[in-house]
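Shown here: final-v4.csv, CSV, C-alpha atoms.
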chain,number,residue,atom,x,y,z
G,1,MET,CA,-85.1,-128.9,45.8
G,2,ALA,CA,-86.3,-129.6,42.2
G,3,GLY,CA,-84.6,-130.5,38.9
G,4,SER,CA,-82.8,-133.5,37.7
G,5,GLN,CA,-80.5,-133.4,40.8
G,6,ASP,CA,-83.4,-134.0,43.2
G,7,PHE,CA,-82.7,-136.5,45.9
G,8,ALA,CA,-83.9,-137.6,49.3
G,9,ALA,CA,-81.5,-136.9,52.2
G,10,ASP,CA,-79.8,-140.0,53.7
G,11,PRO,CA,-78.6,-139.8,57.3
G,12,ARG,CA,-75.7,-142.1,56.6
G,13,ASN,CA,-74.0,-139.3,54.7
G,14,ALA,CA,-73.4,-137.4,57.9
G,15,SER,CA,-70.7,-139.9,58.9
G,16,ALA,CA,-69.4,-140.8,55.5
G,17,ARG,CA,-65.6,-140.4,55.1
G,18,ILE,CA,-64.2,-138.1,52.4
G,19,TRP,CA,-61.0,-138.8,50.4
G,20,LEU,CA,-58.8,-135.7,50.6
G,21,ASN,CA,-55.3,-135.8,49.2
G,22,GLY,CA,-54.8,-139.4,50.2
G,23,GLU,CA,-56.4,-139.3,53.6
G,24,MET,CA,-59.8,-140.3,54.8
G,25,VAL,CA,-61.4,-137.4,56.8
G,26,THR,CA,-64.7,-136.5,58.3
G,27,ARG,CA,-67.0,-133.8,56.9
G,28,GLU,CA,-65.8,-131.5,59.7
G,29,ASN,CA,-62.2,-132.0,58.7
G,30,ALA,CA,-62.6,-131.8,55.0
G,31,ARG,CA,-60.9,-128.5,54.4
G,32,VAL,CA,-58.7,-126.9,51.7
G,33,SER,CA,-56.8,-123.7,51.7
G,34,VAL,CA,-58.5,-120.4,50.8
G,35,PHE,CA,-55.6,-120.0,48.4
G,36,ASP,CA,-56.6,-123.2,46.5
G,37,ALA,CA,-56.9,-122.6,42.8
G,38,GLY,CA,-60.3,-124.2,42.7
G,39,PHE,CA,-61.6,-121.8,45.3
G,40,VAL,CA,-59.8,-118.7,44.0
G,41,VAL,CA,-60.6,-119.0,40.3
G,42,GLY,CA,-62.4,-122.3,39.7
G,43,ASP,CA,-59.2,-123.8,38.2
G,44,GLY,CA,-59.9,-127.6,38.0
G,45,VAL,CA,-61.8,-130.5,36.5
G,46,TRP,CA,-64.2,-133.0,38.0
G,47,GLU,CA,-66.2,-136.1,37.4
G,48,GLY,CA,-69.5,-137.4,38.6
G,49,LEU,CA,-69.7,-141.2,39.0
G,50,ARG,CA,-72.3,-143.8,40.0
G,51,LEU,CA,-71.9,-147.0,42.0
G,52,HIS,CA,-74.3,-149.6,40.9
G,53,LYS,CA,-74.4,-153.2,42.4
G,54,GLY,CA,-70.8,-152.9,43.6
G,55,ARG,CA,-69.3,-151.5,40.4
G,56,LEU,CA,-68.4,-148.0,39.3
G,57,MET,CA,-70.4,-147.4,36.1
G,58,PHE,CA,-68.6,-146.8,32.8
G,59,LEU,CA,-65.4,-146.0,34.7
G,60,ASP,CA,-63.1,-146.0,31.7
G,61,ALA,CA,-65.2,-143.4,29.9
G,62,HIS,CA,-65.2,-141.2,33.0
G,63,LEU,CA,-61.4,-141.5,33.4
G,64,ASP,CA,-60.9,-140.7,29.8
G,65,ARG,CA,-62.8,-137.5,30.2
G,66,LEU,CA,-61.0,-136.6,33.5
G,67,PHE,CA,-57.6,-137.0,32.0
G,68,GLU,CA,-58.5,-135.3,28.7
G,69,GLY,CA,-59.8,-132.4,30.7
G,70,ALA,CA,-56.7,-132.2,32.9
G,71,LYS,CA,-54.5,-132.3,29.8
G,72,ALA,CA,-56.5,-129.5,28.2
G,73,ILE,CA,-55.8,-127.1,31.1
G,74,ASN,CA,-52.2,-128.4,31.6
G,75,LEU,CA,-53.0,-129.8,35.0
G,76,ASP,CA,-50.9,-132.7,36.4
G,77,ILE,CA,-53.3,-134.8,38.5
G,78,GLY,CA,-50.4,-136.5,40.2
G,79,LEU,CA,-52.0,-139.9,39.9
G,80,ASP,CA,-52.3,-142.3,36.9
G,81,ARG,CA,-55.6,-144.1,36.0
G,82,GLN,CA,-54.9,-146.9,38.4
G,83,GLY,CA,-54.1,-144.5,41.2
G,84,VAL,CA,-57.4,-142.7,40.7
G,85,THR,CA,-59.3,-146.0,40.6
G,86,ASP,CA,-57.6,-147.2,43.8
G,87,ALA,CA,-58.5,-143.9,45.5
G,88,LEU,CA,-62.2,-144.3,44.5
G,89,GLU,CA,-62.4,-147.9,45.6
G,90,SER,CA,-60.6,-147.3,48.9
G,91,LEU,CA,-63.2,-144.6,49.7
G,92,LEU,CA,-66.1,-146.9,48.9
G,93,ALA,CA,-64.5,-149.6,51.0
G,94,ALA,CA,-63.9,-147.3,54.0
G,95,ASN,CA,-67.6,-146.2,53.9
G,96,GLY,CA,-69.0,-149.7,53.3
G,97,MET,CA,-70.7,-148.6,50.1
G,98,GLU,CA,-72.0,-151.1,47.6
G,99,ASP,CA,-75.0,-149.6,45.8
G,100,GLY,CA,-77.0,-146.4,45.3
G,101,VAL,CA,-74.0,-144.1,45.6
G,102,HIS,CA,-73.0,-141.0,43.7
G,103,LEU,CA,-69.4,-139.8,43.7
G,104,ARG,CA,-67.9,-136.5,42.8
G,105,LEU,CA,-64.2,-136.5,42.1
G,106,MET,CA,-62.6,-133.0,42.0
G,107,VAL,CA,-59.1,-132.1,41.0
G,108,THR,CA,-57.8,-128.5,41.2
G,109,ARG,CA,-54.4,-127.0,40.6
G,110,GLY,CA,-53.9,-126.8,44.3
G,111,GLU,CA,-52.7,-124.2,46.7
G,112,LYS,CA,-51.2,-121.0,45.2
G,113,THR,CA,-48.7,-118.4,46.5
G,114,GLY,CA,-51.5,-115.8,46.3
G,115,ALA,CA,-55.1,-115.3,45.2
G,116,ASN,CA,-54.6,-114.7,41.5
G,117,GLN,CA,-55.3,-116.3,38.1
G,118,ASP,CA,-51.7,-117.2,37.0
G,119,PRO,CA,-51.3,-121.0,37.0
G,120,ARG,CA,-47.5,-120.5,37.4
G,121,ASN,CA,-48.1,-119.3,41.0
G,122,ALA,CA,-49.4,-122.8,42.0
G,123,LEU,CA,-47.2,-124.7,44.4
G,124,GLY,CA,-47.3,-127.8,42.2
G,125,ARG,CA,-49.4,-130.0,44.5
G,126,PRO,CA,-52.9,-130.6,43.1
G,127,THR,CA,-55.8,-130.9,45.4
G,128,ILE,CA,-57.9,-134.0,45.0
G,129,VAL,CA,-61.2,-134.5,46.8
G,130,ILE,CA,-63.6,-137.4,46.4
G,131,LEU,CA,-67.0,-137.2,47.9
G,132,ALA,CA,-69.2,-140.4,48.0
G,133,GLU,CA,-72.8,-140.1,49.1
G,134,TRP,CA,-75.7,-142.5,49.3
G,135,LYS,CA,-77.9,-140.6,46.9
G,136,VAL,CA,-80.5,-141.9,44.5
G,137,PRO,CA,-82.9,-139.9,42.2
G,138,SER,CA,-86.3,-139.0,43.6
G,139,PRO,CA,-88.8,-141.7,42.4
G,140,ALA,CA,-91.4,-139.0,41.9
G,141,ILE,CA,-89.4,-137.3,39.2
G,142,VAL,CA,-90.2,-140.1,36.7
G,143,THR,CA,-93.9,-139.3,36.7
G,144,ARG,CA,-93.6,-135.6,37.6
G,145,GLY,CA,-91.0,-134.7,35.1
G,146,LEU,CA,-89.0,-131.5,34.6
G,147,SER,CA,-90.1,-128.1,33.5
G,148,LEU,CA,-87.6,-126.4,31.2
G,149,PHE,CA,-87.2,-122.7,30.3
G,150,THR,CA,-85.1,-121.5,27.4
G,151,SER,CA,-82.4,-119.3,28.7
G,152,SER,CA,-80.8,-116.3,26.9
G,153,ILE,CA,-77.4,-117.6,28.1
G,154,LEU,CA,-75.8,-119.4,25.2
G,155,CYS,CA,-73.6,-122.5,25.1
G,156,THR,CA,-70.1,-121.6,23.9
G,157,PRO,CA,-67.9,-123.1,21.1
G,158,ALA,CA,-64.6,-124.7,21.8
G,159,HIS,CA,-62.6,-121.7,20.7
G,160,MET,CA,-64.3,-119.6,23.4
G,161,PHE,CA,-65.0,-122.0,26.3
G,162,ASP,CA,-65.4,-125.6,25.4
G,163,MET,CA,-68.6,-127.0,27.0
G,164,ARG,CA,-67.2,-130.5,26.6
G,165,LEU,CA,-64.6,-129.6,29.3
G,166,ASN,CA,-65.8,-130.7,32.7
G,167,SER,CA,-64.5,-127.6,34.4
G,168,HIS,CA,-65.0,-126.3,37.9
G,169,SER,CA,-66.1,-123.0,36.3
G,170,ARG,CA,-69.9,-123.2,36.0
G,171,LEU,CA,-71.0,-119.6,36.4
G,172,ASN,CA,-72.5,-119.3,32.9
G,173,LEU,CA,-74.6,-122.5,33.7
G,174,ILE,CA,-75.7,-121.1,37.1
G,175,MET,CA,-76.8,-117.9,35.4
G,176,ALA,CA,-78.9,-119.9,33.0
G,177,LEU,CA,-80.4,-121.9,35.8
G,178,ASN,CA,-81.2,-118.7,37.7
G,179,GLN,CA,-83.2,-117.5,34.7
G,180,ALA,CA,-85.1,-120.8,34.7
G,181,ILE,CA,-85.8,-120.7,38.4
G,182,ALA,CA,-87.1,-117.1,38.1
G,183,ALA,CA,-89.4,-118.3,35.4
G,184,GLY,CA,-90.8,-121.0,37.7
G,185,ALA,CA,-89.0,-123.9,35.8
G,186,ASP,CA,-86.7,-126.6,37.1
G,187,GLU,CA,-83.8,-126.3,34.6
G,188,ALA,CA,-82.6,-124.2,31.7
G,189,LEU,CA,-82.7,-125.2,28.1
G,190,MET,CA,-79.7,-123.7,26.4
G,191,LEU,CA,-79.1,-122.8,22.8
G,192,ASP,CA,-75.9,-122.6,20.8
G,193,PRO,CA,-74.5,-119.4,19.2
G,194,ASP,CA,-76.7,-119.9,16.1
G,195,GLY,CA,-79.8,-120.4,18.1
G,196,TYR,CA,-80.1,-124.2,17.9
G,197,VAL,CA,-80.9,-126.5,20.8
G,198,SER,CA,-77.8,-127.5,22.6
G,199,SER,CA,-78.2,-128.8,26.2
G,200,CYS,CA,-79.6,-128.0,29.6
G,201,ASN,CA,-77.6,-126.3,32.3
G,202,ALA,CA,-76.6,-129.6,34.1
G,203,THR,CA,-77.7,-132.3,31.7
G,204,ASN,CA,-78.0,-133.2,28.0
G,205,PHE,CA,-81.3,-133.0,26.2
G,206,PHE,CA,-83.2,-135.3,23.9
G,207,TRP,CA,-86.7,-135.1,22.5
G,208,VAL,CA,-88.9,-137.3,20.4
G,209,ARG,CA,-91.1,-136.5,17.4
G,210,ASP,CA,-93.0,-139.0,15.3
G,211,GLY,CA,-91.0,-141.9,16.8
G,212,GLU,CA,-87.6,-140.3,16.1
G,213,VAL,CA,-85.2,-139.4,18.9
G,214,ARG,CA,-83.5,-136.0,18.3
G,215,THR,CA,-80.6,-134.3,20.0
G,216,SER,CA,-77.9,-131.7,19.2
G,217,THR,CA,-74.8,-132.4,17.2
G,218,GLY,CA,-72.8,-132.5,20.4
G,219,GLU,CA,-70.5,-129.7,19.4
G,220,PHE,CA,-71.7,-127.2,22.0
G,221,CYS,CA,-73.0,-129.5,24.7
G,222,PHE,CA,-71.5,-131.5,27.6
G,223,ASN,CA,-69.4,-134.5,26.7
G,224,GLY,CA,-71.9,-136.7,28.6
G,225,VAL,CA,-71.1,-140.3,29.3
G,226,THR,CA,-74.9,-141.0,29.7
G,227,ARG,CA,-75.6,-139.1,26.5
G,228,ALA,CA,-73.1,-141.3,24.6
G,229,ASN,CA,-74.7,-144.4,26.0
G,230,VAL,CA,-78.2,-143.4,25.0
G,231,ILE,CA,-77.0,-142.7,21.5
G,232,ARG,CA,-75.4,-146.1,21.3
G,233,LEU,CA,-78.5,-147.7,22.7
G,234,CYS,CA,-80.6,-146.1,19.9
G,235,GLU,CA,-78.2,-147.3,17.3
G,236,ALA,CA,-78.0,-150.9,18.7
G,237,ASN,CA,-81.7,-151.3,19.0
G,238,GLY,CA,-82.9,-149.9,15.7
G,239,ILE,CA,-84.4,-146.7,17.3
G,240,PRO,CA,-84.5,-143.8,14.8
G,241,LEU,CA,-82.1,-141.2,15.9
G,242,ARG,CA,-81.0,-137.8,14.4
G,243,LEU,CA,-78.2,-135.6,15.6
G,244,GLY,CA,-78.5,-132.1,14.1
G,245,ASP,CA,-79.1,-128.4,14.4
G,246,PHE,CA,-82.7,-127.9,15.5
G,247,PRO,CA,-84.5,-124.7,16.4
G,248,VAL,CA,-86.1,-124.6,19.8
G,249,GLU,CA,-89.6,-124.7,18.2
G,250,ASP,CA,-88.8,-128.2,17.1
G,251,ALA,CA,-88.3,-129.2,20.8
G,252,ARG,CA,-91.3,-127.3,22.0
G,253,GLY,CA,-93.4,-129.4,19.6
G,254,ALA,CA,-92.1,-132.7,20.8
G,255,ASP,CA,-94.2,-135.7,21.7
G,256,GLU,CA,-91.9,-136.4,24.7
G,257,ALA,CA,-88.5,-135.3,26.0
G,258,PHE,CA,-85.9,-136.3,28.5
G,259,VAL,CA,-82.6,-135.2,29.9
G,260,THR,CA,-79.5,-137.4,30.6
G,261,GLY,CA,-76.9,-137.4,33.3
G,262,THR,CA,-74.8,-139.6,35.5
G,263,PHE,CA,-76.9,-139.0,38.6
G,264,GLY,CA,-80.4,-139.3,37.2
G,265,GLY,CA,-79.9,-141.5,34.1
G,266,LEU,CA,-82.8,-140.5,31.9
G,267,THR,CA,-85.2,-138.0,33.5
G,268,PRO,CA,-88.5,-137.2,31.7
G,269,VAL,CA,-89.5,-133.6,30.8
G,270,ARG,CA,-93.1,-132.5,31.2
G,271,GLU,CA,-93.1,-129.0,29.7
G,272,ILE,CA,-90.9,-126.6,27.7
G,273,ASP,CA,-91.4,-122.9,28.0
G,274,GLY,CA,-94.8,-123.4,29.5
G,275,ARG,CA,-96.0,-125.9,26.8
G,276,ALA,CA,-97.0,-129.2,28.3
G,277,LEU,CA,-95.8,-132.2,26.3
G,278,PRO,CA,-98.8,-134.3,25.3
G,279,LEU,CA,-97.9,-137.8,26.6
G,280,THR,CA,-98.2,-139.2,30.1
G,281,LEU,CA,-94.9,-139.5,31.8
G,282,PRO,CA,-92.7,-141.3,31.1
G,283,GLY,CA,-93.5,-141.4,27.4
G,284,PRO,CA,-93.2,-144.7,25.6
G,285,MET,CA,-89.8,-143.9,24.0
G,286,THR,CA,-88.4,-142.5,27.3
G,287,ALA,CA,-89.7,-145.6,29.1
G,288,ARG,CA,-88.1,-147.9,26.6
G,289,LEU,CA,-84.8,-146.2,26.7
G,290,ARG,CA,-84.9,-146.1,30.5
G,291,THR,CA,-85.3,-149.8,30.5
G,292,LEU,CA,-82.5,-150.3,28.0
G,293,TYR,CA,-80.2,-148.1,30.1
G,294,GLU,CA,-81.0,-150.1,33.3
G,295,GLY,CA,-80.1,-153.2,31.4
G,296,LEU,CA,-76.8,-151.6,30.2
G,297,LYS,CA,-76.0,-150.7,33.8
G,298,ASP,CA,-76.7,-154.3,35.0
G,299,ALA,CA,-74.5,-155.7,32.2
G,300,GLU,CA,-71.7,-153.3,33.2
G,301,ALA,CA,-72.0,-154.3,36.9
G,302,ALA,CA,-71.8,-158.0,35.9
G,303,ARG,CA,-68.6,-157.6,33.9

Give the structure from this file in structure tokens form.
Amino acid sequence: MAGSQDFAADPRNASARIWLNGEMVTRENARVSVFDAGFVVGDGVWEGLRLHKGRLMFLDAHLDRLFEGAKAINLDIGLDRQGVTDALESLLAANGMEDGVHLRLMVTRGEKTGANQDPRNALGRPTIVILAEWKVPSPAIVTRGLSLFTSSILCTPAHMFDMRLNSHSRLNLIMALNQAIAAGADEALMLDPDGYVSSCNATNFFWVRDGEVRTSTGEFCFNGVTRANVIRLCEANGIPLRLGDFPVEDARGADEAFVTGTFGGLTPVREIDGRALPLTLPGPMTARLRTLYEGLKDAEAAR
């Protein structure tokens, strides 16, 4: 397995409990109906979270995104913010988890009367699943870096399908990734409808030229919590930063580049469309921002 999601298997995960609609169940008993809206039509929202030194990182930002996404698709989660927090913490306690854990919180519209698209046919009970796994990024990825391939699959504007909505529907992103894999790359670099750099298929994308950090405007990319933190770190530490519309040639000519996400933090990029970036990984700006981000996580854990 390659890419920014690369991790080493941990045998403890085989016996880790899963939170399913208020119950702690084993992997073997973690089942939902084949009529569930998430299974039938990908109708739901999700969050990825990280446990660091006993604390869920940037939880408020993740809950904001979860509830905003649910509101956008008229989905009643059935729990308030405290209820979701309690569910997350109860699962961590049940598994004895304190550090190095990645969580995926998934909420669908729940079971339906039949396998169809109409949300009015839902029975009114959302399905909520929380997976918590001991999972840390592969250490080798920091010096190996990612290979990116520019996909012909474009990111979409909000009036078509809002990329900032953390939806269960990921087929367009999987299609982009399949193109990258076929080209021998790790992840897909995706452009917006005007041909400007937007994001990768599972992460947000940054690059550095002449000491300036560059990234998209954010209009067509994921509403990334880590992306927002990196932008704030640049602003707080006097690091030149420009958000804008950039052609892919600008990124291909970068001195260094990295992607951001909850699981991997900041992951270096080694090449774009077959062009190797010139600096040894991690590049100096990437290394500096990785250090600043680790400090931000430690400060969050100490709150």

Checklist outcome for this item: Restricting to all atoms listed in the file, whichever of G:Leu233, G:Val208, G:Val25, G:Leu177 is closest to Gly253 (chain G) is G:Val208

Item to check | Within-10 Å shell of (-54.3, -124.6, 52.2) in input frame, all atoms listed in the file, as a list in words | outcome: Arg31, Val32, Ser33, Val34, Phe35, Asp36, Ala37, Gly110, Glu111, Lys112 and Thr127 of chain G

Could you list, with a cut-off of 10 Å and counting all atoms listed in the file, the residues of region 109-196 of chain G near region 65-87 of chain G, each shown with its nearest atom pair and the distance in Å rounded to one decimal, rows sorted by chain and ascending number, as CSV?
residue,atom,partner,partner_atom,distance
G:Arg109,CA,G:Leu75,CA,6.4
G:Gly110,CA,G:Leu75,CA,9.8
G:Pro119,CA,G:Leu75,CA,9.2
G:Gly124,CA,G:Asp76,CA,8.4
G:Arg125,CA,G:Gly78,CA,7.9
G:Pro126,CA,G:Ile77,CA,6.2
G:Thr127,CA,G:Ile77,CA,8.3
G:Ile128,CA,G:Ile77,CA,8.0
G:Val129,CA,G:Ala87,CA,9.9
G:Ile130,CA,G:Ala87,CA,8.3
G:Arg164,CA,G:Gly69,CA,8.7
G:Leu165,CA,G:Gly69,CA,5.7
G:Asn166,CA,G:Gly69,CA,6.5
G:Ser167,CA,G:Gly69,CA,7.7

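For the pair CA of Thr262 (chain G) and CA of Glu47 (chain G), the separation is 9.5 Å.
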
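Among the candidates G:Ser4, G:Arg170, G:Met24, G:Ala132, the one nearest to Gly42 (chain G) when counting only C-alpha atoms is G:Arg170.
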
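Neighbours of Glu249 (chain G) closer than or equal to 10 Å, with only C-alpha atoms counted and sequence neighbours fewer than 2 positions away skipped, come out as Tyr196, Val197, Phe246, Pro247, Ala251, Arg252, Gly253, Ala254 and Ile272 of chain G.
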
Could you dump the residues just selected with C-alpha atoms as a compact mmCIF listing (two decimals), keeping the file's coordinate frame?
# COMPACT_ATOMS: atom_id res chain seq x y z
CA TYR G 196 -80.10 -124.20 17.90
CA VAL G 197 -80.90 -126.50 20.80
CA PHE G 246 -82.70 -127.90 15.50
CA PRO G 247 -84.50 -124.70 16.40
CA ALA G 251 -88.30 -129.20 20.80
CA ARG G 252 -91.30 -127.30 22.00
CA GLY G 253 -93.40 -129.40 19.60
CA ALA G 254 -92.10 -132.70 20.80
CA ILE G 272 -90.90 -126.60 27.70

Checklist entry - If we count only C-alpha atoms, what is near Arg50 (chain G) at a cut-off of 12 Å, once residues fewer than 4 positions away on the same chain are taken out, given as a PyMOL selection string? => result chain G and resi 54-59+62+88+92+97-105+131-137+225-226+261-265+297+300-301

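Neighbouring residues of region 274-285 of chain G at 9 Å or closer, counting all atoms listed in the file and skipping chain neighbours under 4 positions away, are Val142, Thr143, Arg144, Gly145, Ser147, Leu148, Phe149, Ala185, Val208, Gly211, Glu212, Val213, Arg252, Gly253, Ala254, Asp255, Glu256, Ala257, Phe258, Thr267, Pro268, Val269, Arg270, Leu289 and Arg290 of chain G.
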
Please produce a file of those selected residues containing C-alpha atoms, as a tab-separated table (two decimals), keeping the file's coordinate frame.
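Saved to part.tsv:
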chain	number	residue	atom	x	y	z
G	142	VAL	CA	-90.20	-140.10	36.70
G	143	THR	CA	-93.90	-139.30	36.70
G	144	ARG	CA	-93.60	-135.60	37.60
G	145	GLY	CA	-91.00	-134.70	35.10
G	147	SER	CA	-90.10	-128.10	33.50
G	148	LEU	CA	-87.60	-126.40	31.20
G	149	PHE	CA	-87.20	-122.70	30.30
G	185	ALA	CA	-89.00	-123.90	35.80
G	208	VAL	CA	-88.90	-137.30	20.40
G	211	GLY	CA	-91.00	-141.90	16.80
G	212	GLU	CA	-87.60	-140.30	16.10
G	213	VAL	CA	-85.20	-139.40	18.90
G	252	ARG	CA	-91.30	-127.30	22.00
G	253	GLY	CA	-93.40	-129.40	19.60
G	254	ALA	CA	-92.10	-132.70	20.80
G	255	ASP	CA	-94.20	-135.70	21.70
G	256	GLU	CA	-91.90	-136.40	24.70
G	257	ALA	CA	-88.50	-135.30	26.00
G	258	PHE	CA	-85.90	-136.30	28.50
G	267	THR	CA	-85.20	-138.00	33.50
G	268	PRO	CA	-88.50	-137.20	31.70
G	269	VAL	CA	-89.50	-133.60	30.80
G	270	ARG	CA	-93.10	-132.50	31.20
G	289	LEU	CA	-84.80	-146.20	26.70
G	290	ARG	CA	-84.90	-146.10	30.50

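Of note, CA of Asp192 (chain G) and CA of Cys155 (chain G) are spaced 4.9 Å apart.
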
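You will find CA of Ala30 (chain G) at 25.5 Å from CA of His52 (chain G).
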
Next on the checklist: Counting all atoms listed in the file, which residue out of G:Glu235, G:Glu28, G:Asp273, G:Asp43 sits closest to Asp118 (chain G)?
Outcome noted: G:Asp43

Hey, what's within 8 Å of region 156-163 of chain G if we count all atoms listed in the file and toss same-chain stuff fewer than 2 positions away? As a PDB file with C-alpha atoms, in the frame of the given file, please?
ATOM      1  CA  LEU G 154     -75.800-119.400  25.200  1.00  0.00           C
ATOM      2  CA  LEU G 165     -64.600-129.600  29.300  1.00  0.00           C
ATOM      3  CA  ASN G 166     -65.800-130.700  32.700  1.00  0.00           C
ATOM      4  CA  ASP G 192     -75.900-122.600  20.800  1.00  0.00           C
ATOM      5  CA  PRO G 193     -74.500-119.400  19.200  1.00  0.00           C
ATOM      6  CA  GLU G 219     -70.500-129.700  19.400  1.00  0.00           C
ATOM      7  CA  PHE G 220     -71.700-127.200  22.000  1.00  0.00           C
ATOM      8  CA  CYS G 221     -73.000-129.500  24.700  1.00  0.00           C
ATOM      9  CA  PHE G 222     -71.500-131.500  27.600  1.00  0.00           C
ATOM     10  CA  ASN G 223     -69.400-134.500  26.700  1.00  0.00           C
TER      11      ASN G 223
END

Checklist entry - With distances taken over only C-alpha atoms, which of G:Met190, G:Ala122, G:Leu266, G:Val259 is nearest to Asn204 (chain G)? => result G:Val259

Next on the checklist: Residues within 9 Å of Glu187 (chain G), please, as a ChimeraX atom specification. Count all atoms listed in the file; anything in the same chain fewer than 6 positions from it doesn't count.
Outcome noted: /G:2-4,146-150,176-181,200-202

Checklist outcome for this item: Counting only C-alpha atoms, the residue among G:Ile153, G:Ala61, G:Thr286, G:Thr291 that lies closest to Leu171 (chain G) is G:Ile153

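Minimum atom-to-atom distance to Val107 (chain G), evaluated using only C-alpha atoms, belongs to G:Gly44 out of G:Gly224, G:Gly44, G:Gly244, G:Gly184.
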